[in-house]
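File shown: work_35.cif. Contents: mmCIF, C-alpha atoms.
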data_model
#
loop_
_atom_site.label_atom_id
_atom_site.label_comp_id
_atom_site.auth_asym_id
_atom_site.auth_seq_id
_atom_site.Cartn_x
_atom_site.Cartn_y
_atom_site.Cartn_z
CA MET A 1 3.42 -49.40 22.81
CA LYS A 2 0.28 -47.32 22.38
CA SER A 3 -1.22 -49.95 20.08
CA ILE A 4 -0.77 -52.64 22.77
CA ASN A 5 -2.40 -50.48 25.43
CA LEU A 6 -5.25 -49.66 23.08
CA ILE A 7 -5.88 -53.35 22.34
CA GLU A 8 -6.08 -54.08 26.07
CA SER A 9 -8.65 -51.32 26.54
CA LEU A 10 -10.70 -52.50 23.58
CA ARG A 11 -11.16 -55.94 25.18
CA ASN A 12 -13.34 -54.29 27.82
CA VAL A 13 -15.56 -52.40 25.35
CA ASP A 14 -19.22 -53.35 25.07
CA THR A 15 -19.56 -54.50 21.48
CA SER A 16 -23.28 -55.23 21.48
CA SER A 17 -23.90 -52.77 18.68
CA LEU A 18 -22.20 -52.64 15.31
CA VAL A 19 -20.71 -49.95 13.12
CA ASP A 20 -22.07 -46.86 14.90
CA LYS A 21 -20.87 -47.97 18.30
CA VAL A 22 -17.53 -49.26 17.01
CA GLU A 23 -16.92 -45.90 15.33
CA LYS A 24 -17.80 -44.02 18.52
CA ASN A 25 -15.70 -46.30 20.73
CA LEU A 26 -12.67 -46.00 18.49
CA ILE A 27 -12.77 -42.20 18.63
CA GLU A 28 -13.20 -42.23 22.41
CA LEU A 29 -10.28 -44.61 22.84
CA PHE A 30 -8.00 -42.63 20.55
CA ILE A 31 -8.68 -39.64 22.79
CA GLU A 32 -8.35 -41.62 26.03
CA LYS A 33 -5.00 -43.10 24.95
CA GLU A 34 -3.83 -39.66 23.80
CA PHE A 35 -3.14 -40.70 20.25
CA LYS A 36 -1.58 -37.85 18.28
CA VAL A 37 -1.42 -37.03 14.59
CA GLY A 38 0.93 -39.53 12.95
CA ASP A 39 0.44 -42.33 15.49
CA THR A 40 -0.29 -45.77 14.01
CA ILE A 41 -3.53 -47.46 15.05
CA PRO A 42 -4.07 -51.24 15.39
CA THR A 43 -4.76 -53.30 12.27
CA GLU A 44 -8.22 -54.40 11.18
CA LEU A 45 -7.48 -57.92 12.39
CA GLU A 46 -6.31 -56.69 15.82
CA LEU A 47 -9.39 -54.53 16.17
CA LYS A 48 -11.65 -57.37 15.05
CA GLU A 49 -10.22 -59.73 17.67
CA ALA A 50 -10.25 -57.12 20.43
CA MET A 51 -13.79 -55.89 19.83
CA GLY A 52 -15.40 -59.21 18.99
CA VAL A 53 -17.12 -58.01 15.84
CA SER A 54 -16.70 -58.97 12.22
CA ARG A 55 -13.93 -57.57 10.08
CA THR A 56 -16.62 -56.09 7.84
CA VAL A 57 -17.91 -54.00 10.74
CA ILE A 58 -14.39 -52.86 11.63
CA ARG A 59 -13.69 -51.97 8.01
CA GLU A 60 -16.90 -49.94 7.74
CA ALA A 61 -16.13 -48.04 10.97
CA LEU A 62 -12.61 -47.26 9.78
CA LEU A 63 -13.97 -46.16 6.41
CA ARG A 64 -16.19 -43.65 8.19
CA LEU A 65 -13.19 -42.32 10.11
CA ARG A 66 -11.31 -41.96 6.82
CA MET A 67 -14.22 -40.09 5.26
CA ILE A 68 -14.19 -37.48 8.04
CA GLY A 69 -10.42 -37.23 7.88
CA LEU A 70 -9.54 -38.73 11.28
CA ILE A 71 -7.36 -41.52 9.89
CA ASP A 72 -5.43 -42.14 6.69
CA SER A 73 -3.51 -45.06 5.20
CA LYS A 74 0.26 -44.77 4.92
CA LYS A 75 2.51 -47.08 2.95
CA ARG A 76 4.30 -49.60 5.17
CA ARG A 77 2.68 -48.11 8.27
CA GLY A 78 -1.00 -48.91 7.95
CA ALA A 79 -3.66 -46.52 9.26
CA VAL A 80 -2.51 -43.45 11.18
CA ILE A 81 -4.21 -40.63 13.02
CA THR A 82 -4.60 -37.47 10.91
CA SER A 83 -5.80 -33.92 11.48
CA PRO A 84 -9.14 -33.48 9.67
CA ASP A 85 -9.55 -30.77 7.06
CA LEU A 86 -12.78 -29.37 8.50
CA THR A 87 -13.75 -27.35 5.46
CA ALA A 88 -13.14 -30.28 3.12
CA VAL A 89 -15.51 -32.40 5.21
CA LEU A 90 -18.18 -29.68 5.15
CA GLN A 91 -17.74 -28.96 1.47
CA LYS A 92 -18.99 -32.41 0.56
CA SER A 93 -22.44 -31.47 1.86
CA MET A 94 -22.43 -27.81 0.77
CA ASN A 95 -24.22 -28.20 -2.55
CA PRO A 96 -26.64 -25.23 -2.72
CA GLN A 97 -29.16 -27.17 -4.80
CA MET A 98 -29.43 -29.74 -1.99
CA LEU A 99 -29.91 -27.25 0.87
CA ASP A 100 -33.25 -25.84 1.98
CA ASP A 101 -33.96 -22.09 1.92
CA ASN A 102 -33.50 -21.62 5.65
CA THR A 103 -30.06 -23.25 5.60
CA LEU A 104 -29.01 -21.19 2.59
CA ARG A 105 -30.11 -18.03 4.32
CA GLU A 106 -28.21 -18.92 7.50
CA ILE A 107 -25.04 -19.67 5.53
CA PHE A 108 -25.37 -16.29 3.81
CA GLU A 109 -25.70 -14.66 7.24
CA MET A 110 -22.63 -16.57 8.46
CA ARG A 111 -20.57 -15.13 5.61
CA LEU A 112 -21.53 -11.59 6.66
CA SER A 113 -20.58 -12.31 10.27
CA LEU A 114 -17.20 -13.74 9.27
CA GLU A 115 -16.24 -10.71 7.23
CA ILE A 116 -17.12 -8.20 9.95
CA GLY A 117 -15.31 -10.29 12.56
CA MET A 118 -12.01 -10.58 10.70
CA ALA A 119 -11.16 -6.86 10.83
CA ASP A 120 -8.63 -7.29 13.67
CA PHE A 121 -6.73 -9.98 11.78
CA ILE A 122 -6.58 -7.83 8.66
CA ILE A 123 -5.18 -4.85 10.55
CA GLN A 124 -2.60 -6.96 12.36
CA ARG A 125 -1.39 -8.91 9.33
CA VAL A 126 -1.74 -6.64 6.30
CA THR A 127 1.45 -5.84 4.38
CA PRO A 128 2.31 -2.97 2.01
CA GLU A 129 2.21 -5.52 -0.81
CA ASP A 130 -1.36 -6.43 0.18
CA ILE A 131 -2.38 -2.77 -0.02
CA VAL A 132 -0.89 -2.50 -3.50
CA GLU A 133 -2.83 -5.58 -4.61
CA LEU A 134 -6.11 -4.31 -3.15
CA LYS A 135 -5.68 -0.98 -4.95
CA ALA A 136 -4.96 -2.80 -8.20
CA ILE A 137 -8.22 -4.75 -7.81
CA VAL A 138 -10.19 -1.53 -7.24
CA LYS A 139 -8.66 0.06 -10.35
CA THR A 140 -10.27 -2.63 -12.49
CA GLU A 141 -13.74 -1.89 -11.11
CA PRO A 142 -16.20 0.31 -13.01
CA LYS A 143 -16.50 3.79 -11.51
CA LYS A 144 -20.14 3.16 -10.69
CA ALA A 145 -19.02 0.42 -8.31
CA GLN A 146 -18.05 3.15 -5.87
CA ALA A 147 -21.59 4.53 -5.73
CA HIS A 148 -23.84 1.61 -6.56
CA LEU A 149 -24.14 -2.10 -5.92
CA PHE A 150 -21.06 -4.18 -6.50
CA GLN A 151 -21.18 -6.86 -9.13
CA ILE A 152 -20.71 -10.27 -7.62
CA GLU A 153 -17.42 -10.82 -9.50
CA GLN A 154 -16.00 -7.65 -7.92
CA GLU A 155 -17.16 -8.71 -4.49
CA ILE A 156 -15.56 -12.12 -4.82
CA LYS A 157 -12.20 -10.81 -6.02
CA PHE A 158 -11.86 -8.05 -3.45
CA HIS A 159 -13.16 -10.00 -0.49
CA ALA A 160 -11.10 -13.05 -1.37
CA LYS A 161 -8.04 -10.84 -0.90
CA LEU A 162 -9.32 -9.72 2.51
CA TYR A 163 -9.59 -13.36 3.56
CA ASP A 164 -6.10 -13.95 2.21
CA ILE A 165 -4.70 -11.09 4.30
CA THR A 166 -5.94 -12.71 7.52
CA GLY A 167 -3.40 -15.48 7.02
CA ASN A 168 -5.94 -17.91 8.46
CA GLU A 169 -6.09 -20.95 6.18
CA THR A 170 -9.36 -22.19 7.67
CA LEU A 171 -11.00 -18.83 7.03
CA LYS A 172 -9.65 -18.80 3.48
CA ASN A 173 -11.00 -22.30 2.87
CA PHE A 174 -14.36 -21.30 4.32
CA GLN A 175 -14.53 -18.41 1.88
CA LYS A 176 -13.87 -20.73 -1.05
CA MET A 177 -16.48 -23.14 0.26
CA LEU A 178 -19.08 -20.38 0.69
CA LEU A 179 -18.61 -18.86 -2.76
CA PRO A 180 -21.03 -21.24 -4.55
CA ILE A 181 -23.61 -20.63 -1.81
CA PHE A 182 -23.14 -16.87 -2.01
CA HIS A 183 -23.51 -16.90 -5.80
CA TYR A 184 -26.53 -19.20 -5.69
CA VAL A 185 -28.36 -17.11 -3.07
CA HIS A 186 -27.83 -13.97 -5.17
CA GLN A 187 -29.35 -15.58 -8.23
CA SER A 188 -32.06 -17.67 -6.59
CA GLY A 189 -34.39 -14.87 -5.55
CA LEU A 190 -34.21 -16.11 -1.96
CA LEU A 191 -33.36 -12.66 -0.64
CA LYS A 192 -35.62 -9.66 -0.97
CA LYS A 193 -35.31 -7.25 -3.88
CA GLN A 194 -31.94 -5.56 -4.16
CA ILE A 195 -31.82 -2.08 -2.67
CA VAL A 196 -29.50 0.55 -4.15
CA LEU A 197 -28.05 2.59 -1.32
CA LYS A 198 -26.98 6.19 -1.88
CA GLN A 199 -24.01 5.99 0.46
CA PHE A 200 -21.92 3.14 1.76
CA VAL A 201 -18.25 2.39 2.28
CA SER A 202 -16.77 1.33 -1.05
CA HIS A 203 -13.87 -1.03 -1.65
CA ALA A 204 -11.63 2.01 -1.99
CA GLY A 205 -12.99 3.27 1.32
CA LEU A 206 -12.14 -0.03 2.99
CA ILE A 207 -8.57 0.24 1.76
CA GLU A 208 -8.29 3.71 3.33
CA LEU A 209 -9.52 2.31 6.65
CA ILE A 210 -7.02 -0.54 6.48
CA GLU A 211 -4.20 1.96 5.87
CA LYS A 212 -5.29 3.95 8.93
CA GLY A 213 -4.73 0.85 11.07
CA SER A 214 -7.81 0.94 13.28
CA ALA A 215 -9.57 -2.43 13.68
CA GLU A 216 -12.66 -0.78 15.17
CA LYS A 217 -13.03 1.64 12.27
CA LEU A 218 -12.48 -1.15 9.77
CA ARG A 219 -15.11 -3.31 11.49
CA ASN A 220 -17.62 -0.47 11.26
CA GLY A 221 -16.58 0.16 7.67
CA ILE A 222 -17.09 -3.46 6.63
CA ARG A 223 -20.50 -3.46 8.35
CA ASN A 224 -21.47 -0.35 6.41
CA HIS A 225 -20.04 -1.81 3.21
CA LEU A 226 -22.26 -4.88 3.65
CA GLU A 227 -25.33 -2.80 4.53
CA ASN A 228 -27.07 -3.64 1.29
CA HIS A 229 -26.89 -7.36 2.10
CA PHE A 230 -28.32 -6.77 5.57
CA SER A 231 -31.10 -4.67 4.04
CA ARG A 232 -31.98 -7.53 1.73
CA LEU A 233 -32.21 -9.81 4.74
CA PHE A 234 -34.20 -7.59 7.08
CA GLU A 235 -36.30 -5.21 5.02
#
Spit out the file's structure as C-alpha coordinates when you get a sec.
Amino acid sequence: MKSINLIESLRNVDTSSLVDKVEKNLIELFIEKEFKVGDTIPTELELKEAMGVSRTVIREALLRLRMIGLIDSKKRRGAVITSPDLTAVLQKSMNPQMLDDNTLREIFEMRLSLEIGMADFIIQRVTPEDIVELKAIVKTEPKKAQAHLFQIEQEIKFHAKLYDITGNETLKNFQKMLLPIFHYVHQSGLLKKQIVLKQFVSHAGLIELIEKGSAEKLRNGIRNHLENHFSRLFE
(Lines of atoms letter the chains of each structure in order from A and count residues from 1; the text may use other names and numbers.)
(Lines give C-alpha, C1' and ligand atoms only; values in the text may rest on other atoms or scores of the structure.)
Protein backbone atom coordinates (compact mmCIF):
# COMPACT_ATOMS: atom_id res chain seq x y z
CA MET A 1 0.00 0.00 0.00
CA LYS A 2 2.84 2.36 0.85
CA SER A 3 4.48 1.70 -2.51
CA ILE A 4 1.29 2.75 -4.34
CA ASN A 5 1.00 5.96 -2.34
CA LEU A 6 4.66 6.71 -2.94
CA ILE A 7 4.27 6.25 -6.70
CA GLU A 8 1.35 8.70 -6.72
CA SER A 9 3.44 11.29 -4.89
CA LEU A 10 6.40 10.81 -7.21
CA ARG A 11 4.26 11.75 -10.24
CA ASN A 12 4.12 15.31 -8.88
CA VAL A 13 7.89 15.64 -8.32
CA ASP A 14 9.85 18.11 -10.41
CA THR A 15 12.31 15.92 -12.29
CA SER A 16 14.17 18.66 -14.14
CA SER A 17 17.47 17.63 -12.60
CA LEU A 18 19.05 14.21 -12.59
CA VAL A 19 20.77 12.01 -10.05
CA ASP A 20 21.31 14.57 -7.27
CA LYS A 21 17.71 15.70 -7.26
CA VAL A 22 16.31 12.18 -7.65
CA GLU A 23 18.39 11.06 -4.66
CA LYS A 24 17.18 14.01 -2.58
CA ASN A 25 13.55 13.55 -3.59
CA LEU A 26 13.59 9.85 -2.79
CA ILE A 27 14.87 10.49 0.73
CA GLU A 28 12.29 13.23 1.31
CA LEU A 29 9.47 11.00 0.10
CA PHE A 30 10.57 8.05 2.22
CA ILE A 31 10.35 10.38 5.22
CA GLU A 32 7.06 11.95 4.11
CA LYS A 33 5.42 8.54 3.59
CA GLU A 34 6.82 7.34 6.93
CA PHE A 35 8.70 4.42 5.49
CA LYS A 36 10.28 2.33 8.26
CA VAL A 37 13.21 -0.05 8.34
CA GLY A 38 12.21 -3.20 6.45
CA ASP A 39 9.62 -1.55 4.19
CA THR A 40 9.93 -2.37 0.48
CA ILE A 41 10.42 0.54 -1.92
CA PRO A 42 9.14 0.69 -5.53
CA THR A 43 11.13 -1.04 -8.27
CA GLU A 44 13.53 0.75 -10.60
CA LEU A 45 10.97 0.53 -13.39
CA GLU A 46 8.19 1.99 -11.22
CA LEU A 47 10.44 4.82 -10.12
CA LYS A 48 11.57 5.46 -13.69
CA GLU A 49 7.98 5.76 -14.92
CA ALA A 50 6.86 7.87 -11.96
CA MET A 51 9.75 10.32 -12.06
CA GLY A 52 10.14 10.59 -15.81
CA VAL A 53 13.87 10.03 -15.87
CA SER A 54 15.99 7.27 -17.33
CA ARG A 55 16.49 3.98 -15.57
CA THR A 56 20.21 4.76 -15.48
CA VAL A 57 19.52 7.86 -13.39
CA ILE A 58 17.25 5.90 -11.04
CA ARG A 59 19.85 3.16 -10.70
CA GLU A 60 22.59 5.68 -9.88
CA ALA A 61 20.42 7.40 -7.25
CA LEU A 62 19.57 4.06 -5.64
CA LEU A 63 23.24 3.07 -5.71
CA ARG A 64 24.07 6.21 -3.74
CA LEU A 65 21.40 5.33 -1.18
CA ARG A 66 22.89 1.85 -0.88
CA MET A 67 26.36 3.29 -0.37
CA ILE A 68 25.20 5.37 2.60
CA GLY A 69 23.25 2.44 4.00
CA LEU A 70 19.70 3.77 3.55
CA ILE A 71 18.52 0.88 1.38
CA ASP A 72 19.57 -2.71 0.79
CA SER A 73 18.56 -5.49 -1.60
CA LYS A 74 16.72 -8.48 -0.19
CA LYS A 75 16.09 -11.74 -2.01
CA ARG A 76 12.54 -11.99 -3.34
CA ARG A 77 11.68 -8.59 -1.86
CA GLY A 78 13.73 -6.10 -3.85
CA ALA A 79 15.12 -2.96 -2.21
CA VAL A 80 14.12 -2.22 1.37
CA ILE A 81 14.71 0.61 3.82
CA THR A 82 17.61 -0.06 6.21
CA SER A 83 19.11 1.67 9.24
CA PRO A 84 22.52 3.09 8.23
CA ASP A 85 25.64 2.06 10.11
CA LEU A 86 26.90 5.60 10.66
CA THR A 87 30.43 4.65 11.64
CA ALA A 88 30.78 2.32 8.65
CA VAL A 89 29.84 5.19 6.34
CA LEU A 90 32.36 7.52 8.00
CA GLN A 91 35.09 4.91 8.10
CA LYS A 92 35.27 4.85 4.32
CA SER A 93 36.61 8.41 4.35
CA MET A 94 38.69 8.16 7.54
CA ASN A 95 42.04 7.34 5.96
CA PRO A 96 44.59 9.44 7.92
CA GLN A 97 46.89 9.78 4.91
CA MET A 98 44.06 11.46 2.99
CA LEU A 99 43.08 13.97 5.71
CA ASP A 100 44.65 17.38 6.17
CA ASP A 101 46.42 18.34 9.41
CA ASN A 102 43.55 20.45 10.72
CA THR A 103 41.05 17.61 10.29
CA LEU A 104 43.42 15.13 11.95
CA ARG A 105 43.87 17.47 14.88
CA GLU A 106 40.11 17.96 15.27
CA ILE A 107 39.50 14.20 15.19
CA PHE A 108 42.15 13.77 17.89
CA GLU A 109 40.36 16.42 19.97
CA MET A 110 37.04 14.64 19.41
CA ARG A 111 38.49 11.44 20.84
CA LEU A 112 39.50 13.27 24.03
CA SER A 113 36.02 14.78 24.36
CA LEU A 114 34.34 11.40 23.91
CA GLU A 115 36.37 9.74 26.64
CA ILE A 116 35.73 12.46 29.21
CA GLY A 117 32.03 12.50 28.36
CA MET A 118 31.42 8.78 28.77
CA ALA A 119 32.15 8.68 32.52
CA ASP A 120 28.44 8.53 33.47
CA PHE A 121 27.82 5.54 31.22
CA ILE A 122 30.81 3.69 32.65
CA ILE A 123 29.65 4.22 36.23
CA GLN A 124 26.10 3.16 35.44
CA ARG A 125 26.98 0.06 33.43
CA VAL A 126 30.22 -1.33 34.83
CA THR A 127 30.11 -4.88 36.21
CA PRO A 128 32.38 -6.70 38.69
CA GLU A 129 33.64 -8.74 35.74
CA ASP A 130 34.63 -5.52 33.95
CA ILE A 131 36.64 -4.42 36.99
CA VAL A 132 38.46 -7.74 37.03
CA GLU A 133 39.32 -7.36 33.34
CA LEU A 134 40.54 -3.79 33.77
CA LYS A 135 42.81 -4.85 36.64
CA ALA A 136 44.17 -7.70 34.54
CA ILE A 137 45.06 -5.22 31.78
CA VAL A 138 46.89 -2.97 34.25
CA LYS A 139 48.88 -5.92 35.61
CA THR A 140 50.45 -6.41 32.18
CA GLU A 141 51.66 -2.80 32.04
CA PRO A 142 55.25 -1.88 32.93
CA LYS A 143 55.52 -0.26 36.36
CA LYS A 144 56.77 2.95 34.77
CA ALA A 145 53.40 3.28 33.05
CA GLN A 146 51.99 4.45 36.37
CA ALA A 147 54.39 7.39 36.56
CA HIS A 148 55.27 8.21 32.97
CA LEU A 149 53.66 8.38 29.56
CA PHE A 150 51.60 5.41 28.49
CA GLN A 151 52.69 3.48 25.45
CA ILE A 152 50.10 3.67 22.73
CA GLU A 153 49.43 -0.09 22.90
CA GLN A 154 48.56 0.24 26.60
CA GLU A 155 46.30 3.18 25.91
CA ILE A 156 44.44 1.33 23.19
CA LYS A 157 43.87 -1.82 25.24
CA PHE A 158 42.73 -0.09 28.42
CA HIS A 159 40.60 2.55 26.76
CA ALA A 160 39.00 0.05 24.41
CA LYS A 161 37.69 -1.69 27.53
CA LEU A 162 36.27 1.59 28.83
CA TYR A 163 34.37 2.02 25.57
CA ASP A 164 33.18 -1.56 25.86
CA ILE A 165 31.83 -0.93 29.37
CA THR A 166 29.58 1.88 28.10
CA GLY A 167 27.53 -0.72 26.24
CA ASN A 168 27.06 1.82 23.46
CA GLU A 169 27.77 0.10 20.15
CA THR A 170 28.09 3.37 18.24
CA LEU A 171 30.68 4.63 20.72
CA LYS A 172 32.56 1.33 20.48
CA ASN A 173 32.55 1.53 16.69
CA PHE A 174 33.74 5.13 16.84
CA GLN A 175 36.66 4.06 18.99
CA LYS A 176 37.66 1.39 16.47
CA MET A 177 37.32 3.91 13.67
CA LEU A 178 39.45 6.50 15.48
CA LEU A 179 42.28 4.12 16.37
CA PRO A 180 44.15 4.51 13.04
CA ILE A 181 43.80 8.30 13.32
CA PHE A 182 45.00 8.28 16.93
CA HIS A 183 48.02 6.13 16.04
CA TYR A 184 48.86 8.20 12.97
CA VAL A 185 48.68 11.53 14.84
CA HIS A 186 51.04 10.18 17.51
CA GLN A 187 53.62 9.16 14.94
CA SER A 188 53.22 12.01 12.46
CA GLY A 189 54.75 14.79 14.53
CA LEU A 190 51.55 16.79 14.13
CA LEU A 191 51.29 17.43 17.86
CA LYS A 192 53.87 19.30 19.86
CA LYS A 193 56.71 17.51 21.62
CA GLN A 194 55.59 14.98 24.21
CA ILE A 195 55.63 16.28 27.77
CA VAL A 196 56.34 13.90 30.66
CA LEU A 197 54.12 14.87 33.57
CA LYS A 198 55.19 14.15 37.13
CA GLN A 199 51.69 13.38 38.34
CA PHE A 200 48.53 12.27 36.62
CA VAL A 201 45.79 9.73 37.19
CA SER A 202 47.05 6.33 36.03
CA HIS A 203 45.01 3.47 34.64
CA ALA A 204 45.05 1.92 38.10
CA GLY A 205 43.81 5.23 39.49
CA LEU A 206 40.93 5.25 37.02
CA ILE A 207 39.90 1.78 38.17
CA GLU A 208 39.79 3.01 41.77
CA LEU A 209 37.54 5.90 40.74
CA ILE A 210 35.23 3.54 38.85
CA GLU A 211 34.96 1.32 41.94
CA LYS A 212 34.01 4.35 44.05
CA GLY A 213 31.01 4.91 41.76
CA SER A 214 31.16 8.68 41.29
CA ALA A 215 30.68 9.85 37.69
CA GLU A 216 31.91 13.35 38.53
CA LYS A 217 35.13 12.08 40.10
CA LEU A 218 35.69 9.71 37.19
CA ARG A 219 35.16 12.54 34.69
CA ASN A 220 37.75 14.64 36.48
CA GLY A 221 40.05 11.63 36.70
CA ILE A 222 39.84 10.91 32.98
CA ARG A 223 40.51 14.59 32.23
CA ASN A 224 43.60 14.47 34.43
CA HIS A 225 44.65 11.15 32.90
CA LEU A 226 44.50 12.74 29.44
CA GLU A 227 46.33 15.89 30.56
CA ASN A 228 49.44 15.03 28.60
CA HIS A 229 47.43 14.95 25.36
CA PHE A 230 45.87 18.32 26.14
CA SER A 231 49.33 19.71 26.90
CA ARG A 232 50.55 18.54 23.52
CA LEU A 233 47.64 20.36 21.91
CA PHE A 234 47.81 23.64 23.80
CA GLU A 235 51.38 24.21 24.94
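CA of Ala88 (chain A) lies 27.6 Å from CA of Gly189 (chain A).
As for CA of Thr103 (chain A) and CA of Leu233 (chain A), they are spaced 13.6 Å apart.
Counting only C-alpha atoms, the residue from A:His159, A:Arg77, A:Lys33, A:Lys48 that sits nearest to Ile137 (chain A) is A:His159.
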Legend entry - Atom pair CA of Ser188 (chain A) / CA of Lys157 (chain A): separation (Å):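 CA of Lys157 (chain A) lies 21.0 Å from CA of Ser188 (chain A).
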Legend entry - Matched chain/residue IDs from the PyMOL selection byres ((chain A and resi 221) around 9), as JSON, numbers by chain: {"A": [116, 200, 201, 202, 205, 206, 209, 216, 217, 218, 219, 220, 222, 223, 224, 225, 226]}
Inset, instruction - Would you mind listing what lies within 6 Å of Ala215 (chain A) as a list in words, with all atoms listed in the file counted and same-chain residues fewer than 6 positions away left out? - result: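 Contacts, in chain order: Ala119, Asp120 and Ile123 of chain A.
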Legend entry - Expansion of the PyMOL selection byres ((chain A and resi 179) around 12) into residues, as a ChimeraX atom specification: /A:91,94-96,104,107-108,111,152-153,155-157,159-160,172-178,180-186
Legend entry - Picked residues, the PyMOL selection byres ((chain A and resi 19) around 8), expected as a list in words: Ser17, Leu18, Asp20, Lys21, Val22, Glu23, Val57, Ile58, Glu60 and Ala61 of chain A
Legend entry - Closest of A:Thr127, A:Ser54, A:Thr87, A:Thr43 to Gly213 (chain A) - atom-to-atom distances counting all atoms listed in the file: A:Thr127
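You can rank A:Asp164, A:Ala79, A:Lys139, A:Leu134 by their closest distance to Glu115 (chain A) using all atoms listed in the file, and at the top of that list sits A:Asp164.
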Inset, instruction - Would you list the contacts of Ile165 (chain A) as JSON, numbers by chain, taking every protein, DNA or RNA residue within 7 Å and counting all atoms listed in the file, but skipping same-chain residues closer than 6 positions in sequence? - result: {"A": [122, 125, 126]}
